Structure formats: C-alpha cells, structure tokens
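Text of upload_10.pdb (PDB, C-alpha atoms) as supplied:
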ATOM      1  CA  MET C   9      -5.873 -19.016  -8.150
ATOM      2  CA  PRO C  10      -7.132 -15.641  -9.357
ATOM      3  CA  LEU C  11      -4.735 -12.813  -8.831
ATOM      4  CA  VAL C  12      -7.009  -9.852  -9.452
ATOM      5  CA  GLN C  13     -10.496 -10.437  -8.108
ATOM      6  CA  LEU C  14     -11.334 -13.053  -5.510
ATOM      7  CA  SER C  15     -14.689 -14.478  -4.559
ATOM      8  CA  GLU C  16     -15.919 -14.355  -0.952
ATOM      9  CA  GLU C  17     -15.301 -18.093  -0.652
ATOM     10  CA  GLN C  18     -11.694 -17.740  -1.848
ATOM     11  CA  VAL C  19     -11.048 -14.912   0.590
ATOM     12  CA  GLU C  20     -12.405 -17.099   3.411
ATOM     13  CA  VAL C  21      -9.836 -19.752   2.512
ATOM     14  CA  LEU C  22      -7.025 -17.245   2.029
ATOM     15  CA  VAL C  23      -7.340 -15.055   5.090
ATOM     16  CA  GLY C  24      -9.489 -17.100   7.453
ATOM     17  CA  ARG C  25     -12.676 -15.671   8.897
ATOM     18  CA  ASP C  26     -11.245 -15.824  12.405
ATOM     19  CA  ARG C  27      -9.590 -12.424  12.225
ATOM     20  CA  VAL C  28     -10.176 -10.476   9.000
ATOM     21  CA  LEU C  29     -13.613 -10.067   7.428
ATOM     22  CA  PHE C  30     -15.065  -8.224   4.427
ATOM     23  CA  VAL C  31     -11.688  -7.336   2.915
ATOM     24  CA  GLU C  32     -11.767  -8.884  -0.563
ATOM     25  CA  VAL C  33     -11.145  -5.601  -2.355
ATOM     26  CA  LEU C  34      -8.258  -4.736  -0.013
ATOM     27  CA  VAL C  35      -6.635  -8.131  -0.464
ATOM     28  CA  SER C  36      -6.838  -7.719  -4.232
ATOM     29  CA  LEU C  37      -5.505  -4.167  -4.000
ATOM     30  CA  LEU C  38      -2.493  -5.104  -1.888
ATOM     31  CA  ARG C  39      -1.613  -7.982  -4.208
ATOM     32  CA  ALA C  40      -1.701  -5.700  -7.240
ATOM     33  CA  VAL C  41       0.350  -3.010  -5.484
ATOM     34  CA  TYR C  42       3.023  -5.541  -4.571
ATOM     35  CA  MET C  43       3.166  -6.748  -8.175
ATOM     36  CA  THR C  44       4.171  -3.248  -9.314
ATOM     37  CA  ASN C  45       7.658  -4.430  -8.336
ATOM     38  CA  TYR C  46       7.632  -6.576 -11.486
ATOM     39  CA  VAL C  47       6.537  -3.958 -14.025
ATOM     40  CA  TRP C  48       9.571  -3.224 -16.189
ATOM     41  CA  ASN C  49       8.343   0.074 -17.639
ATOM     42  CA  ALA C  50       7.695   1.769 -14.297
ATOM     43  CA  GLU C  51       9.938   4.307 -12.609
ATOM     44  CA  HIS C  52       9.500   2.510  -9.293
ATOM     45  CA  ALA C  53       7.068   0.322  -7.380
ATOM     46  CA  VAL C  54       3.976   1.944  -5.896
ATOM     47  CA  SER C  55       3.947   2.415  -2.121
ATOM     48  CA  LEU C  56       0.747   2.341  -0.077
ATOM     49  CA  GLY C  57      -0.417   3.667   3.271
ATOM     50  CA  LEU C  58      -3.369   1.939   4.971
ATOM     51  CA  VAL C  59      -5.410   4.549   6.826
ATOM     52  CA  ALA C  60      -8.234   3.318   9.044
ATOM     53  CA  ASN C  61      -9.565   3.548  12.570
ATOM     54  CA  PRO C  62      -8.399   1.061  15.223
ATOM     55  CA  SER C  63      -9.719  -2.513  14.867
ATOM     56  CA  ARG C  64     -10.215  -2.203  11.124
ATOM     57  CA  GLY C  65      -7.731  -4.898  10.109
ATOM     58  CA  LYS C  66      -4.649  -2.871   9.106
ATOM     59  CA  SER C  67      -2.122  -4.978  11.010
ATOM     60  CA  GLU C  68      -3.920  -8.222  10.160
ATOM     61  CA  LEU C  69      -3.886  -7.437   6.435
ATOM     62  CA  LEU C  70      -0.180  -6.636   6.477
ATOM     63  CA  GLY C  71       0.443  -9.707   8.611
ATOM     64  CA  ILE C  72      -1.194 -11.927   5.988
ATOM     65  CA  PHE C  73       1.097 -10.534   3.323
ATOM     66  CA  ASN C  74       4.199 -10.940   5.448
ATOM     67  CA  GLY C  75       4.058 -14.687   4.951
ATOM     68  CA  SER C  76       2.846 -14.426   1.381
ATOM     69  CA  MET C  77       4.742 -11.780  -0.560
ATOM     70  CA  PRO C  78       8.039 -13.451  -1.427
ATOM     71  CA  LYS C  79      10.372 -10.538  -0.715
ATOM     72  CA  THR C  80       8.639  -8.551   2.014
ATOM     73  CA  LYS C  81       9.667  -7.843   5.597
ATOM     74  CA  LEU C  82       7.031  -7.108   8.247
ATOM     75  CA  ILE C  83       8.162  -4.876  11.117
ATOM     76  CA  ASN C  84       6.279  -3.210  13.966
ATOM     77  CA  ASP C  85       8.956  -0.643  14.747
ATOM     78  CA  VAL C  86      11.540   0.933  12.500
ATOM     79  CA  SER C  87      14.356   3.453  12.453
ATOM     80  CA  ALA C  88      16.799   4.754   9.867
ATOM     81  CA  TYR C  89      19.529   2.796  11.628
ATOM     82  CA  LYS C  90      17.572  -0.465  11.446
ATOM     83  CA  ILE C  91      16.803   0.039   7.755
ATOM     84  CA  GLU C  92      20.432   0.746   6.951
ATOM     85  CA  THR C  93      22.051  -2.003   8.957
ATOM     86  CA  ASP C  94      19.452  -4.784   8.631
ATOM     87  CA  LEU C  95      17.455  -4.146   5.463
ATOM     88  CA  LEU C  96      19.568  -2.282   2.906
ATOM     89  CA  PRO C  97      22.085  -5.145   2.564
ATOM     90  CA  LYS C  98      19.183  -7.458   1.683
ATOM     91  CA  VAL C  99      17.836  -4.928  -0.822
ATOM     92  CA  ARG C 100      21.235  -4.685  -2.511
ATOM     93  CA  ARG C 101      21.389  -8.489  -2.771
ATOM     94  CA  GLY C 102      17.900  -8.613  -4.326
ATOM     95  CA  GLU C 103      16.423 -10.450  -1.338
ATOM     96  CA  LEU C 104      14.008  -7.695  -0.319
ATOM     97  CA  LEU C 105      11.605  -5.571  -2.384
ATOM     98  CA  SER C 106       9.264  -4.071   0.207
ATOM     99  CA  ILE C 107       8.777  -3.424   3.901
ATOM    100  CA  ALA C 108       5.449  -3.397   5.729
ATOM    101  CA  ILE C 109       5.251  -1.353   8.935
ATOM    102  CA  THR C 110       2.190  -2.463  10.897
ATOM    103  CA  ASP C 111       1.899   0.814  12.825
ATOM    104  CA  LEU C 112       3.965   3.773  11.677
ATOM    105  CA  THR C 113       2.925   5.714  14.787
ATOM    106  CA  ALA C 114       5.532   3.984  16.938
ATOM    107  CA  ALA C 115       8.309   5.348  14.724
ATOM    108  CA  LEU C 116       6.753   8.793  14.338
ATOM    109  CA  GLU C 117       6.344   9.312  18.086
ATOM    110  CA  LYS C 118      10.067   9.012  18.716
ATOM    111  CA  SER C 119      12.360  11.989  19.203
ATOM    112  CA  GLU C 120      13.032  14.406  16.346
ATOM    113  CA  THR C 121      16.599  13.122  16.070
ATOM    114  CA  ALA C 122      15.248   9.638  15.337
ATOM    115  CA  LYS C 123      12.186  10.626  13.293
ATOM    116  CA  LYS C 124      13.782  13.019  10.796
ATOM    117  CA  PRO C 125      16.446  10.568   9.497
ATOM    118  CA  LEU C 126      13.756   7.896   9.074
ATOM    119  CA  ILE C 127      11.452  10.101   6.989
ATOM    120  CA  SER C 128      14.410  11.359   4.938
ATOM    121  CA  MET C 129      15.503   7.807   4.203
ATOM    122  CA  LEU C 130      11.994   6.613   3.313
ATOM    123  CA  LEU C 131      11.533   9.666   1.103
ATOM    124  CA  ALA C 132      14.630   8.745  -0.901
ATOM    125  CA  LEU C 133      14.015   4.985  -0.999
ATOM    126  CA  THR C 134      10.425   5.211  -2.256
ATOM    127  CA  GLU C 135      11.079   7.299  -5.366
ATOM    128  CA  GLU C 136      14.469   8.559  -6.582
ATOM    129  CA  GLY C 137      16.296   5.803  -4.770
ATOM    130  CA  LEU C 138      19.229   5.983  -2.397
ATOM    131  CA  THR C 139      22.545   6.496  -4.199
ATOM    132  CA  TYR C 140      24.796   7.803  -1.472
ATOM    133  CA  LYS C 141      24.503   8.284   2.238
ATOM    134  CA  LYS C 142      26.953   8.961   5.022
ATOM    135  CA  SER C 143      25.848   6.077   7.154
ATOM    136  CA  TYR C 144      25.943   5.185  10.804
ATOM    137  CA  VAL C 145      28.511   2.444  10.307
ATOM    138  CA  SER C 146      30.017   2.984   6.846
ATOM    139  CA  ASP C 147      29.551   4.835   3.583
ATOM    140  CA  VAL C 148      26.868   3.468   1.289
ATOM    141  CA  GLU C 149      27.564   4.245  -2.329
ATOM    142  CA  VAL C 150      26.021   2.368  -5.240
ATOM    143  CA  GLN C 151      25.889   2.727  -9.011
ATOM    144  CA  LYS C 152      22.198   1.836  -9.268
ATOM    145  CA  PRO C 153      19.803   3.637  -6.904
ATOM    146  CA  ILE C 154      18.453   1.478  -4.086
ATOM    147  CA  ARG C 155      14.659   1.547  -3.974
ATOM    148  CA  LEU C 156      12.274  -0.040  -1.511
ATOM    149  CA  GLN C 157       8.494  -0.337  -1.644
ATOM    150  CA  LEU C 158       6.714   0.824   1.506
ATOM    151  CA  PHE C 159       3.485  -0.396   3.097
ATOM    152  CA  PHE C 160       2.349   0.970   6.434
ATOM    153  CA  GLY C 161      -0.679   1.223   8.689
ATOM    154  CA  ILE C 162      -1.764   4.352  10.555
ATOM    155  CA  THR C 163      -4.915   5.815  12.081
ATOM    156  CA  PRO C 164      -6.546   8.932  10.573
ATOM    157  CA  ASP C 165      -5.833  10.967  13.712
ATOM    158  CA  MET C 166      -2.119  10.203  13.686
ATOM    159  CA  LEU C 167      -1.891  10.750   9.947
ATOM    160  CA  GLY C 168      -3.504  14.158  10.397
ATOM    161  CA  LYS C 169      -0.949  15.020  13.057
ATOM    162  CA  TYR C 170       2.017  14.397  10.757
ATOM    163  CA  MET C 171       0.559  15.212   7.342
ATOM    164  CA  PRO C 172       1.497  18.927   7.405
ATOM    165  CA  SER C 173       5.203  18.097   7.716
ATOM    166  CA  TRP C 174       4.871  15.327   5.120
ATOM    167  CA  THR C 175       3.375  17.720   2.583
ATOM    168  CA  ARG C 176       6.151  20.261   3.214
ATOM    169  CA  SER C 177       8.850  17.653   2.602
ATOM    170  CA  GLY C 178       7.092  16.052  -0.371
ATOM    171  CA  PHE C 179       6.895  12.683   1.395
ATOM    172  CA  SER C 180       3.082  12.602   1.277
ATOM    173  CA  SER C 181       2.981  12.457  -2.530
ATOM    174  CA  ARG C 182       5.425   9.547  -2.772
ATOM    175  CA  MET C 183       2.643   6.999  -2.244
ATOM    176  CA  LEU C 184      -1.042   6.268  -2.532
ATOM    177  CA  TYR C 185      -3.403   5.944   0.433
ATOM    178  CA  ALA C 186      -6.155   3.398   1.012
ATOM    179  CA  SER C 187      -8.823   4.068   3.625
ATOM    180  CA  TRP C 188     -12.005   2.227   4.522
ATOM    181  CA  ASP C 189     -14.554   1.542   7.216
ATOM    182  CA  TYR C 190     -17.192  -1.071   8.010
ATOM    183  CA  THR C 191     -20.962  -0.787   8.047
ATOM    184  CA  LYS C 192     -22.725  -1.259  11.385
ATOM    185  CA  GLU C 193     -23.838  -4.720  10.261
ATOM    186  CA  GLN C 194     -20.257  -5.664   9.442
ATOM    187  CA  ILE C 195     -19.010  -4.414  12.802
ATOM    188  CA  ASP C 196     -21.701  -6.474  14.556
ATOM    189  CA  ALA C 197     -20.636  -9.561  12.583
ATOM    190  CA  ILE C 198     -16.984  -8.988  13.499
ATOM    191  CA  ILE C 199     -17.865  -8.594  17.187
ATOM    192  CA  ARG C 200     -19.843 -11.846  17.153
ATOM    193  CA  ASN C 201     -16.948 -13.567  15.414
ATOM    194  CA  LYS C 202     -14.480 -12.269  18.020
ATOM    195  CA  ILE C 203     -16.717 -13.505  20.820
ATOM    196  CA  GLN C 204     -17.378 -16.958  19.379
ATOM    197  CA  GLN C 205     -13.904 -17.603  17.836
ATOM    198  CA  PRO C 206     -15.381 -20.285  15.530
ATOM    199  CA  ASP C 207     -12.004 -21.311  14.110
ATOM    200  CA  LEU C 208     -10.445 -21.937  17.521
ATOM    201  CA  VAL C 209     -12.079 -25.176  18.573
ATOM    202  CA  PRO C 210     -10.479 -28.391  19.867
ATOM    203  CA  GLY C 211      -9.189 -30.600  17.077
ATOM    204  CA  ALA C 212      -9.744 -27.998  14.335
ATOM    205  CA  LYS C 213      -6.794 -27.049  12.163
ATOM    206  CA  LYS C 214      -6.072 -23.324  12.212
ATOM    207  CA  ALA C 215      -6.690 -21.544   8.916
ATOM    208  CA  ASN C 216      -3.663 -21.097   6.677
ATOM    209  CA  ARG C 217      -3.417 -17.330   6.392
ATOM    210  CA  LYS C 218      -1.359 -16.984   3.239
ATOM    211  CA  ILE C 219      -1.953 -15.427  -0.154
ATOM    212  CA  VAL C 220      -0.691 -17.367  -3.147
ATOM    213  CA  PHE C 221       1.516 -15.267  -5.422
ATOM    214  CA  PRO C 222       2.822 -16.256  -8.835
ATOM    215  CA  LYS C 223       6.433 -17.261  -9.205
ATOM    216  CA  VAL C 224       7.945 -14.282 -10.973
ATOM    217  CA  SER C 225      11.581 -14.437 -11.992
ATOM    218  CA  ARG C 226      11.786 -11.293 -14.099
ATOM    219  CA  ASP C 227      10.088  -7.989 -14.858
ATOM    220  CA  TYR C 228       7.545  -7.591 -17.637
ATOM    221  CA  TYR C 229       6.876  -4.780 -20.101
ATOM    222  CA  VAL C 230       3.185  -3.841 -19.978
ATOM    223  CA  LYS C 231       1.764  -1.473 -22.589
ATOM    224  CA  ILE C 232      -1.060   0.980 -21.894
ATOM    225  CA  PRO C 233      -2.912   1.868 -25.129
ATOM    226  CA  GLU C 234      -3.201   5.626 -25.645
ATOM    227  CA  ARG C 235      -6.997   5.483 -25.412
ATOM    228  CA  PHE C 236      -6.585   5.020 -21.644
ATOM    229  CA  ASP C 237      -4.469   8.150 -21.129
ATOM    230  CA  GLU C 238      -7.357  10.541 -20.587
ATOM    231  CA  ARG C 239      -9.225   8.048 -18.398
ATOM    232  CA  ILE C 240      -6.196   7.655 -16.110
ATOM    233  CA  GLN C 241      -5.797  11.409 -15.904
ATOM    234  CA  ILE C 242      -9.456  11.898 -14.952
ATOM    235  CA  LEU C 243      -9.262   9.111 -12.363
ATOM    236  CA  ALA C 244      -6.080  10.618 -10.919
ATOM    237  CA  GLU C 245      -7.748  14.008 -10.567
ATOM    238  CA  SER C 246     -10.582  12.331  -8.675
ATOM    239  CA  VAL C 247      -8.179  10.484  -6.352
ATOM    240  CA  VAL C 248      -6.253  13.702  -5.678
ATOM    241  CA  ALA C 249      -9.444  15.651  -4.951
ATOM    242  CA  GLU C 250     -10.656  12.985  -2.509
ATOM    243  CA  THR C 251      -7.283  12.756  -0.740
ATOM    244  CA  ASN C 252      -6.288  16.417  -0.390
ATOM    245  CA  TYR C 253      -8.102  18.246   2.384
ATOM    246  CA  SER C 254      -8.175  21.425   4.455
ATOM    247  CA  TYR C 255      -8.578  22.307   8.106
ATOM    248  CA  VAL C 256      -9.197  25.455  10.114
ATOM    249  CA  VAL C 257      -6.701  26.906  12.600
ATOM    250  CA  ARG C 258      -8.250  29.202  15.192
ATOM    251  CA  ARG C 259      -6.211  31.744  17.111
ATOM    252  CA  GLY C 260      -8.425  33.831  19.293
ATOM    253  CA  GLU C 261     -11.115  35.300  17.079
ATOM    254  CA  LYS C 262      -9.128  34.749  13.893
ATOM    255  CA  GLU C 263      -9.487  31.715  11.650
ATOM    256  CA  LYS C 264      -7.145  30.473   8.968
ATOM    257  CA  VAL C 265      -7.914  27.741   6.446
ATOM    258  CA  VAL C 266      -4.923  25.511   5.743
ATOM    259  CA  GLU C 267      -4.958  23.569   2.470
ATOM    260  CA  LEU C 268      -3.010  20.294   2.512
ATOM    261  CA  LYS C 269      -1.968  19.044  -0.907
ATOM    262  CA  VAL C 270      -1.303  15.450   0.054
ATOM    263  CA  LEU C 271      -1.141  14.250  -3.559
ATOM    264  CA  GLU C 272      -0.550  16.032  -6.839
ATOM    265  CA  PRO C 273      -1.892  15.086 -10.287
ATOM    266  CA  VAL C 274       1.336  14.226 -12.140
ATOM    267  CA  ARG C 275       2.681  11.747  -9.605
ATOM    268  CA  THR C 276      -0.753  10.294  -8.946
ATOM    269  CA  SER C 277      -1.338   9.724 -12.670
ATOM    270  CA  ARG C 278       1.991   7.926 -12.854
ATOM    271  CA  GLU C 279       1.233   5.767  -9.800
ATOM    272  CA  LEU C 280      -2.200   4.801 -11.100
ATOM    273  CA  ALA C 281      -0.709   3.934 -14.492
ATOM    274  CA  THR C 282       1.827   1.662 -12.783
ATOM    275  CA  LEU C 283      -0.925   0.043 -10.722
ATOM    276  CA  LEU C 284      -2.987  -0.481 -13.882
ATOM    277  CA  ARG C 285      -0.021  -2.227 -15.508
ATOM    278  CA  ALA C 286       0.300  -4.482 -12.461
ATOM    279  CA  ILE C 287      -3.398  -5.377 -12.624
ATOM    280  CA  CYS C 288      -2.922  -6.342 -16.257
ATOM    281  CA  LEU C 289       0.192  -8.361 -15.412
ATOM    282  CA  CYS C 290      -1.729 -10.248 -12.719
ATOM    283  CA  ARG C 291      -4.406 -11.146 -15.253
ATOM    284  CA  HIS C 292      -1.825 -12.520 -17.689
ATOM    285  CA  LEU C 293      -0.089 -14.569 -15.004
ATOM    286  CA  ASP C 294      -3.383 -15.841 -13.614
ATOM    287  CA  GLU C 295      -4.813 -16.904 -16.938
ATOM    288  CA  ASP C 296      -1.472 -18.152 -18.266
ATOM    289  CA  LEU C 297      -1.639 -15.729 -21.182
ATOM    290  CA  PRO C 298       1.391 -14.932 -23.367
ATOM    291  CA  ARG C 299       4.178 -13.124 -21.522
ATOM    292  CA  GLU C 300       4.963 -10.975 -24.550
ATOM    293  CA  ASN C 301       2.916  -8.082 -25.958
ATOM    294  CA  ILE C 302       1.115  -7.623 -22.642
ATOM    295  CA  ALA C 303      -1.388  -4.789 -22.963
ATOM    296  CA  VAL C 304      -4.002  -3.260 -20.675
ATOM    297  CA  ASN C 305      -7.648  -3.822 -21.595
ATOM    298  CA  ASP C 306     -10.997  -2.471 -20.403
ATOM    299  CA  SER C 307     -11.430  -5.086 -17.685
ATOM    300  CA  ASP C 308      -8.113  -4.008 -16.147
ATOM    301  CA  PHE C 309      -9.275  -0.405 -16.017
ATOM    302  CA  VAL C 310     -12.575  -1.443 -14.420
ATOM    303  CA  GLU C 311     -10.572  -3.162 -11.689
ATOM    304  CA  LEU C 312      -8.490  -0.026 -11.181
ATOM    305  CA  CYS C 313     -11.705   1.985 -10.769
ATOM    306  CA  ARG C 314     -12.912  -0.534  -8.184
ATOM    307  CA  PHE C 315      -9.710   0.010  -6.220
ATOM    308  CA  ALA C 316      -9.889   3.787  -6.678
ATOM    309  CA  ARG C 317     -13.019   3.958  -4.548
ATOM    310  CA  PHE C 318     -10.725   3.319  -1.567
ATOM    311  CA  LEU C 319      -7.621   5.162  -2.801
ATOM    312  CA  ASN C 320      -8.352   8.302  -0.818
ATOM    313  CA  LEU C 321      -8.857   9.453   2.772
ATOM    314  CA  LYS C 322     -12.678   9.341   2.775
ATOM    315  CA  LYS C 323     -13.008   5.991   4.606
ATOM    316  CA  ASN C 324     -15.650   4.629   2.220
ATOM    317  CA  LEU C 325     -17.601   1.616   3.420
ATOM    318  CA  LEU C 326     -16.328  -1.788   2.331
ATOM    319  CA  ALA C 327     -19.871  -2.913   1.521
ATOM    320  CA  GLU C 328     -20.031  -0.360  -1.295
ATOM    321  CA  THR C 329     -17.497  -1.833  -3.709
ATOM    322  CA  ASN C 330     -19.413  -1.853  -6.962
TER     323      ASN C 330
END
For the structure just supplied, provide its representation as structure tokens.
Amino acid sequence: MPLVQLSEEQVEVLVGRDRVLFVEVLVSLLRAVYMTNYVWNAEHAVSLGLVANPSRGKSELLGIFNGSMPKTKLINDVSAYKIETDLLPKVRRGELLSIAITDLTAALEKSETAKKPLISMLLALTEEGLTYKKSYVSDVEVQKPIRLQLFFGITPDMLGKYMPSWTRSGFSSRMLYASWDYTKEQIDAIIRNKIQQPDLVPGAKKANRKIVFPKVSRDYYVKIPERFDERIQILAESVVAETNYSYVVRRGEKEKVVELKVLEPVRTSRELATLLRAICLCRHLDEDLPRENIAVNDSDFVELCRFARFLNLKKNLLAETN
C-alpha cells in the first residue's frame, strides 16, 4: 500500500467515508510526520499541531492514527502528572514514540498550576529531551534524553488565545502547524453524508478505520543532496511567513500592533528537512527499494511542497491541493 500519496479510492478504504471526507493530503502528511521517528540523521521527530475550525475532522484524523501508528497513544485530556506517571515509563522502555491529544483546549483551560508544568514538560520532550526532573512521585534521571513526538488538535480561536505565551516561551517553534478548511461543496457533501449515514445500515460491516504502516525495526540514514538545500530554505521562509502573524491591541484611542513570531527560519528549515527525509523513507519502504544509500529525489520534494500548502495557519481549502 502506498505510503506517500494515496488515491481517493484508497482513502475511502482506509478511513471510511462515514466520518472523514476529502482528507487524502492530511492522511499522507500525518503518516510522513509519524515516520520522522525512524530517520536516524534527525535531531528529533517532527511534532504537528492540527489547527482547524470545529467539525473539520481533527479528532477523527487523530483517532484513525491511534489504532494505526504502532507506538502512539491517543488521549483527550492530559496533564504533566499523567505524562510522567503513565507515559514516560513507556517511552523509556521504547513502547511509545508519540502522543496525540485530540483537543488541547481541555488541558490549556485548566488552572495555571496545572497548565504551566504541562507546557514546560512538552517543551522539553519535543526538542532537547527530558534529562532530569524533580517529579511528583520520584526523581527521573536518565543518561539519554527522553523525547516524545506530539500531535494535537485545536481551533484557531483557542490557538490565538494561547499563542502569545507560547511564542514567549519558545514552545510555538517546537513544531509545525497544519491548517485547512472545506469548500462549500465539500461541506454540503459532508452534511448529506452525516444525515444519510450510508455506512450504518443493517447487515453492513463497519469500515475498518486503520492506516497500514510498514514494519520498521530500526532507524534509517537518509541523505539530502546539497542541491536541495536552497529549495528547503526558500520553502521554510514561505512556511514561516504564512504562519507568523500580527494583531492589533486597542486601548482607548491608542493602537499597538503585536507581531507574533510563531516559527523561525532555522528550526523550520530543520523540521522540513526531517519531514523530507521521512517522505523519502516512505517511498523506499513502499516500493521495496534498497535500505542503504537512501537519498531524497525530486519527487520527494514535490510531495513536501504539496504538504507545505497546509503547513501554515492560513486554512487553505482542501480542494486546492495541486
């Protein structure tokens, strides 16, 4: 089964048309992001925030991957305590590579005493790694930093509420963001599908909502030829420009423009390079190509550009994927 680009028919089989529609590019993107866990020459796996309005499939997409990605845990509420007591032991044993939080709002709307430790822990886990922490129940001290890939869903309004504090702490630049929206025709089709529920009929077997991943037992070294360096840099600058934004604060008759630097070019270039390596790795695993001397080619970069259309906060329409 293809690991990089899926046809509409394959997506129908994989995700079932009963709940998630028009998401081929997002399915492919999430698969590639997860596979960054298996790129040997990467500082860490890429993390991803899904930013979209309500009823745009964020939770459904993450739910599909919960039963598909081999070492992923889906949670709808999270705290620093839960991560430390329930998840970190599994990470240390190699049983867990990523967590997917269906709605990060629930955690962010808690008290400051609960929210601050969570963001601090996620900030450490997603990049430098956690090496030492005075824990709730015991000291955690390890020789090799503990890292954990993060997926989460959030609405644009709630992201805007918390983004200023994220930019101040540096948490915002520890990940990439994917946003999207539907065309009116797509929304109408989804509404009709919700009304009719064509897959829920007597005697019909419910669609198997799983994504097939390759069996990967080790990490792979993936080379990026130098001729791609400038292209990645240019693409990163575009992603940064389309993700960073400003807003106006009004106090009486005075106005102040606040610039939010959500992403910055160096980290974004690195994250896109890691994602490009994962796209290339998927192609080699899919086509059963040699596992040695794996190198990025032009088709891999084209796929990265296809993803990049949604790697921002502009909520581009899913119909416009070419």
- Do you know which residues lie at most 12 Å from (11.5, 10.5, 9.6), with coordinates as in the file and only C-alpha atoms counted, and could you write them as a ChimeraX atom specification? /C:86-89,91,112-132,170,173-174,177,179
- Query: Restricting the calculation to only C-alpha atoms, which member of C:Arg182, C:Lys152, C:Arg101, C:Lys192 is positioned closest to C:Pro273?
  - Reply: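 Of C:Arg182, C:Lys152, C:Arg101, C:Lys192, the one nearest C:Pro273, counting only C-alpha atoms, is C:Arg182.
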- Please write as a PyMOL selection string the list of polymer residues whose atoms come within 10 Å of (-9.4, -3.8, 16.0), counting only C-alpha atoms and keeping to the coordinates of the file. chain C and resi 27-28+61-68+198-199
- Query: Can you list, as an MDAnalysis selection string, every protein, DNA or RNA residue that comes within 9 Å of C:Val41 when you count all atoms listed in the file, leaving out same-chain residues fewer than 3 positions away?
  - Reply: chainID C and resid 36:38 44:45 53:56 282:283 286:287
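Note that the spacing between atom CA of C:Glu103 and atom CA of C:Tyr229 amounts to 21.8 Å.
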- Item | Chain and number of each residue from the PyMOL selection byres ((chain C and resi 183) around 12), as an MDAnalysis selection string | chainID C and resid 41 52:58 130:131 133:135 156:160 174:175 178:182 184:186 248 251 270:272 275:280 282:283 319:320
- Distance in Å - atom CA of C:Phe309 versus atom CA of C:Leu284: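 Distance between the two atoms: 6.6 Å.
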